[in-house]
Amino acid sequence: MTGTTGTARHHAPRAHCVADSAGGLTFDMAGHEPGGPVEPVLLLSRRGADPADEVGLPLTPAGDGRSRAVLPSTVELAEGHWDVSVAGRPVEPGIRDVRALVDRVPEASGPVCARVPYPTPDGRLAVRSWLRPRHAEAGDLAFGDGGCTVEVRLYGAEPGEGAVAEARWGPQAHQVPVVGGEGGAFAFTLPYGTLAEPPPDKQRMWQLWLRPSAGAEPVRIARVLDDLWDRRGVFVYPETEGDGFRAAPCYSADNELCVRVVPVP
């Protein structure tokens, strides 16, 4: 369980949140009494989207002066950051029980859905949502001589002959062979030297993709099936230095796996 972080707002409502392994969220609040002239609603609003892109969850009595709102896993929540409010006021994060999200295995059918409640830097409750029809979940990374080996599990697409991993930076793309495929489990080794040619004069951020079979559309490799809404400051991998460059895997703000290559002065 994790507690409250950020700036305290004693005037704001506060919600405790429990996540389940299917992707559902339950919000419990104190100080709200359903039954008034207007039934209170817990509102989720997607940041940067059209104002109509909102999801309202009725608050119902839960005993002991508490109210409860439930976001079932069956209710679609578009990918992005969703701010939580009640009656126009932002909601503070209380206790967030996200233990059920660790090492999640999504349903065999349907899109991969992941929702992680989190505290914003200014002390508000928000939900990070991922919703992808096809997904390649990054697993363990191992490091060897001049490169890294990545384990990946594929969801929502059938593996077949000619599967490859791809590193992309702008219009450039490099492919490397993969091994495995049974049960959607793949692994590949990516040499950094290939990504540093020609010698870099600025940072290159290579995106990693999995093409599950020859001619199939590639699937972005990311890690979203756990309790971390932002991996950037949590997963820091060792750098490897080559001829005029340093390279290391890293995650983007969307928890998508990349390899960062920078010049060495």
# chains A, B, ... in the order shown; residues from 1 in each chain; ligands from 1
call {"tool": "residues_around", "arguments": {"residues": "Ala248 (chain A)", "least_positions_apart": "6", "cutoff": "8 Å", "atoms": "only C-alpha atoms", "output": "list in words"}}
result
Tyr237, Pro238, Glu239, Thr240, Val259, Arg260 and Val261 of chain A
call {"tool": "write_last_selection", "arguments": {"atoms": "N, CA, C and O atoms", "output": "short mmCIF file (atom, residue, chain, number, x, y, z; two decimals), in the first residue's frame"}}
result
data_model
loop_
_atom_site.label_atom_id
_atom_site.label_comp_id
_atom_site.auth_asym_id
_atom_site.auth_seq_id
_atom_site.Cartn_x
_atom_site.Cartn_y
_atom_site.Cartn_z
N TYR A 237 19.00 1.80 -15.72
CA TYR A 237 19.85 0.70 -16.15
C TYR A 237 21.29 1.17 -16.35
O TYR A 237 21.55 2.34 -16.61
N PRO A 238 22.24 0.24 -16.25
CA PRO A 238 23.66 0.62 -16.41
C PRO A 238 23.97 1.08 -17.83
O PRO A 238 23.43 0.54 -18.81
N GLU A 239 24.85 2.06 -17.91
CA GLU A 239 25.31 2.54 -19.22
C GLU A 239 26.49 1.72 -19.71
O GLU A 239 27.31 1.26 -18.92
N THR A 240 26.53 1.57 -21.02
CA THR A 240 27.67 0.92 -21.67
C THR A 240 28.36 1.97 -22.54
O THR A 240 27.70 2.68 -23.31
N VAL A 259 16.07 2.77 -26.05
CA VAL A 259 17.51 2.77 -25.80
C VAL A 259 18.01 4.17 -26.09
O VAL A 259 17.82 4.69 -27.20
N ARG A 260 18.64 4.79 -25.11
CA ARG A 260 19.18 6.13 -25.24
C ARG A 260 20.67 6.05 -25.59
O ARG A 260 21.43 5.40 -24.88
N VAL A 261 21.05 6.72 -26.69
CA VAL A 261 22.44 6.78 -27.11
C VAL A 261 22.88 8.24 -27.11
O VAL A 261 22.22 9.08 -27.70
#
call {"tool": "residues_around", "arguments": {"residues": "Val236 (chain A)", "least_positions_apart": "2", "cutoff": "9 Å", "atoms": "only C-alpha atoms", "output": "VMD selection string"}}
result
chain A and resid 231 to 234 238 248 to 251
call {"tool": "write_last_selection", "arguments": {"atoms": "N, CA and C atoms", "output": "tab-separated table (two decimals), in the first residue's frame"}}
result
chain	number	residue	atom	x	y	z
A	231	ARG	N	7.91	4.92	-14.86
A	231	ARG	CA	9.07	4.12	-14.52
A	231	ARG	C	10.39	4.89	-14.61
A	232	ARG	N	10.35	6.12	-15.12
A	232	ARG	CA	11.58	6.80	-15.49
A	232	ARG	C	12.56	6.95	-14.33
A	233	GLY	N	12.08	7.29	-13.15
A	233	GLY	CA	12.98	7.47	-12.02
A	233	GLY	C	13.17	6.22	-11.18
A	234	VAL	N	12.51	5.11	-11.58
A	234	VAL	CA	12.56	3.88	-10.79
A	234	VAL	C	13.47	2.85	-11.43
A	238	PRO	N	22.24	0.24	-16.25
A	238	PRO	CA	23.66	0.62	-16.41
A	238	PRO	C	23.97	1.08	-17.83
A	248	ALA	N	22.20	3.10	-23.00
A	248	ALA	CA	21.51	2.38	-21.93
A	248	ALA	C	20.03	2.32	-22.26
A	249	PRO	N	19.36	1.24	-21.86
A	249	PRO	CA	17.90	1.21	-21.98
A	249	PRO	C	17.28	2.20	-20.99
A	250	CYS	N	16.07	2.64	-21.30
A	250	CYS	CA	15.34	3.52	-20.41
A	250	CYS	C	13.86	3.45	-20.79
A	251	TYR	N	13.01	4.00	-19.93
A	251	TYR	CA	11.58	4.06	-20.21
A	251	TYR	C	11.15	5.50	-20.48
call {"tool": "residues_around", "arguments": {"residues": "region 179-188 of chain A", "least_positions_apart": "2", "cutoff": "10 Å", "atoms": "only C-alpha atoms", "output": "number ranges by chain"}}
result
A: 136-141, 148-161, 163-166, 176-177, 190-191, 210, 212-213
call {"tool": "write_last_selection", "arguments": {"atoms": "N, CA and C atoms", "output": "compact mmCIF listing (two decimals), in the first residue's frame"}}
result
# COMPACT_ATOMS: atom_id res chain seq x y z
N ALA A 136 3.10 -5.56 -26.27
CA ALA A 136 4.29 -6.35 -26.01
C ALA A 136 4.85 -5.90 -24.66
N GLU A 137 4.67 -6.71 -23.65
CA GLU A 137 5.08 -6.37 -22.29
C GLU A 137 6.56 -6.68 -22.08
N ALA A 138 7.33 -5.64 -21.75
CA ALA A 138 8.75 -5.81 -21.48
C ALA A 138 8.94 -6.56 -20.17
N GLY A 139 9.87 -7.50 -20.18
CA GLY A 139 10.19 -8.26 -18.97
C GLY A 139 11.59 -7.94 -18.49
N ASP A 140 12.32 -8.98 -18.12
CA ASP A 140 13.68 -8.79 -17.60
C ASP A 140 14.63 -8.34 -18.70
N LEU A 141 15.61 -7.54 -18.30
CA LEU A 141 16.70 -7.12 -19.18
C LEU A 141 18.01 -7.66 -18.63
N CYS A 148 22.21 -5.34 -24.86
CA CYS A 148 21.30 -5.83 -23.84
C CYS A 148 20.38 -6.88 -24.46
N THR A 149 19.90 -7.80 -23.62
CA THR A 149 18.93 -8.81 -24.03
C THR A 149 17.62 -8.51 -23.33
N VAL A 150 16.54 -8.49 -24.10
CA VAL A 150 15.23 -8.09 -23.61
C VAL A 150 14.26 -9.27 -23.73
N GLU A 151 13.54 -9.54 -22.66
CA GLU A 151 12.46 -10.52 -22.69
C GLU A 151 11.13 -9.80 -22.88
N VAL A 152 10.27 -10.34 -23.71
CA VAL A 152 9.01 -9.70 -24.07
C VAL A 152 7.91 -10.77 -24.10
N ARG A 153 6.69 -10.38 -23.67
CA ARG A 153 5.54 -11.27 -23.84
C ARG A 153 4.48 -10.53 -24.65
N LEU A 154 4.00 -11.19 -25.69
CA LEU A 154 3.08 -10.58 -26.65
C LEU A 154 1.64 -10.91 -26.29
N TYR A 155 0.77 -9.89 -26.36
CA TYR A 155 -0.67 -10.06 -26.14
C TYR A 155 -1.43 -9.45 -27.32
N GLY A 156 -2.50 -10.13 -27.72
CA GLY A 156 -3.39 -9.57 -28.73
C GLY A 156 -2.95 -9.77 -30.15
N ALA A 157 -1.90 -10.55 -30.40
CA ALA A 157 -1.42 -10.83 -31.76
C ALA A 157 -0.82 -12.22 -31.76
N GLU A 158 -0.91 -12.86 -32.91
CA GLU A 158 -0.39 -14.22 -33.05
C GLU A 158 1.04 -14.19 -33.55
N PRO A 159 1.97 -14.84 -32.84
CA PRO A 159 3.34 -14.93 -33.35
C PRO A 159 3.42 -15.89 -34.52
N GLY A 160 4.39 -15.64 -35.39
CA GLY A 160 4.55 -16.50 -36.56
C GLY A 160 5.96 -16.43 -37.10
N GLU A 161 6.14 -16.99 -38.28
CA GLU A 161 7.46 -17.01 -38.91
C GLU A 161 7.91 -15.59 -39.25
N ALA A 163 9.41 -13.37 -37.22
CA ALA A 163 9.30 -12.37 -36.16
C ALA A 163 10.67 -11.70 -35.94
N VAL A 164 10.65 -10.40 -35.72
CA VAL A 164 11.87 -9.64 -35.46
C VAL A 164 11.57 -8.54 -34.44
N ALA A 165 12.61 -8.05 -33.78
CA ALA A 165 12.51 -6.85 -32.97
C ALA A 165 13.08 -5.69 -33.78
N GLU A 166 12.53 -4.50 -33.56
CA GLU A 166 12.97 -3.33 -34.31
C GLU A 166 13.31 -2.20 -33.35
N VAL A 176 16.60 -6.92 -35.44
CA VAL A 176 17.41 -8.02 -34.90
C VAL A 176 16.50 -9.23 -34.76
N PRO A 177 17.03 -10.44 -34.91
CA PRO A 177 16.20 -11.64 -34.79
C PRO A 177 15.74 -11.85 -33.36
N LEU A 190 20.08 -6.82 -28.46
CA LEU A 190 20.25 -5.60 -29.25
C LEU A 190 21.66 -5.05 -29.03
N PRO A 191 22.52 -5.05 -30.06
CA PRO A 191 23.86 -4.46 -29.91
C PRO A 191 23.79 -2.94 -30.01
N LEU A 210 8.22 -4.85 -31.44
CA LEU A 210 8.23 -6.27 -31.77
C LEU A 210 7.32 -6.48 -32.97
N PRO A 212 5.58 -9.34 -34.74
CA PRO A 212 5.35 -10.74 -34.34
C PRO A 212 5.49 -11.76 -35.46
N SER A 213 5.43 -11.33 -36.72
CA SER A 213 5.63 -12.23 -37.85
C SER A 213 5.95 -11.39 -39.07
call {"tool": "residues_around", "arguments": {"residues": "Val105 (chain A)", "least_positions_apart": "6", "cutoff": "9 Å", "atoms": "only C-alpha atoms", "output": "list in words"}}
result
Ser21, Ala22 and Leu225 of chain A
call {"tool": "write_last_selection", "arguments": {"atoms": "N, CA and C atoms", "output": "PDB file, in the first residue's frame"}}
result
ATOM      1  N   SER A  21      -7.036  -7.002  -9.906  1.00  0.00           N
ATOM      2  CA  SER A  21      -6.178  -7.560 -10.945  1.00  0.00           C
ATOM      3  C   SER A  21      -6.825  -7.541 -12.319  1.00  0.00           C
ATOM      4  N   ALA A  22      -8.151  -7.367 -12.388  1.00  0.00           N
ATOM      5  CA  ALA A  22      -8.837  -7.321 -13.681  1.00  0.00           C
ATOM      6  C   ALA A  22      -8.792  -5.938 -14.312  1.00  0.00           C
ATOM      7  N   LEU A 225       2.025  -3.607 -16.953  1.00  0.00           N
ATOM      8  CA  LEU A 225       1.235  -4.559 -16.173  1.00  0.00           C
ATOM      9  C   LEU A 225       1.767  -4.687 -14.752  1.00  0.00           C
TER      10      LEU A 225
END
call {"tool": "residues_around", "arguments": {"residues": "Phe27 (chain A)", "least_positions_apart": "5", "cutoff": "12 Å", "atoms": "only C-alpha atoms", "output": "number ranges by chain"}}
result
A: 13-20, 41-44, 57-62, 66-72, 84-86, 91-97, 117, 125-127
call {"tool": "atom_distance", "arguments": {"atom1": "CA of Pro218 (chain A)", "atom2": "CA of Gly146 (chain A)"}}
result
25.0 Å
call {"tool": "residues_around", "arguments": {"residues": "Val224 (chain A)", "least_positions_apart": "3", "cutoff": "12 Å", "atoms": "only C-alpha atoms", "output": "ChimeraX atom specification"}}
result
/A:23,79,101-106,112-116,128-132,135-139,153,220-221,227-231,251-257
call {"tool": "select_by_dssp", "arguments": {"residues": "region 41-187 of chain A", "states": "strand (DSSP E or B)", "output": "PyMOL selection string"}}
result
chain A and resi 41-46+54-58+60-63+66-71+80-86+89-90+92-97+112-119+125-132+135-144+147-155+164-169+172-180+185-187
call {"tool": "residues_around", "arguments": {"residues": "Asp53 (chain A)", "least_positions_apart": "5", "cutoff": "9 Å", "atoms": "only C-alpha atoms", "output": "list in words"}}
result
Leu44, Ser45, Arg46 and Ala78 of chain A
call {"tool": "select_by_dssp", "arguments": {"residues": "region 39-260 of chain A", "states": "helix (DSSP H, G or I)", "output": "PyMOL selection string"}}
result
chain A and resi 99-101+182-184+192-195
call {"tool": "write_last_selection", "arguments": {"atoms": "C-alpha atoms", "output": "compact mmCIF listing (two decimals), in the first residue's frame"}}
result
# COMPACT_ATOMS: atom_id res chain seq x y z
CA ARG A 99 -0.84 -4.74 -4.66
CA ALA A 100 -3.13 -6.65 -7.05
CA LEU A 101 -1.47 -4.91 -10.02
CA GLU A 182 5.67 -20.07 -27.81
CA GLY A 183 2.94 -18.65 -25.63
CA GLY A 184 3.85 -15.19 -26.87
CA TYR A 192 24.39 -0.80 -29.06
CA GLY A 193 27.10 -0.25 -31.65
CA THR A 194 24.58 -0.52 -34.49
CA LEU A 195 22.53 2.27 -32.90
call {"tool": "atom_distance", "arguments": {"atom1": "CA of Gly110 (chain A)", "atom2": "CA of Gly215 (chain A)"}}
result
22.4 Å
call {"tool": "closest_residue", "arguments": {"among": "A:Ala222, A:Ala216, A:Leu25, A:Val262", "to": "Val98 (chain A)", "atoms": "only C-alpha atoms"}}
result
A:Leu25
call {"tool": "closest_residue", "arguments": {"among": "A:Asp122, A:Asp201, A:Asp83, A:Glu217", "to": "Gly48 (chain A)", "atoms": "only C-alpha atoms"}}
result
A:Asp83
call {"tool": "atom_distance", "arguments": {"atom1": "CA of Pro263 (chain A)", "atom2": "CA of Gln175 (chain A)"}}
result
22.2 Å
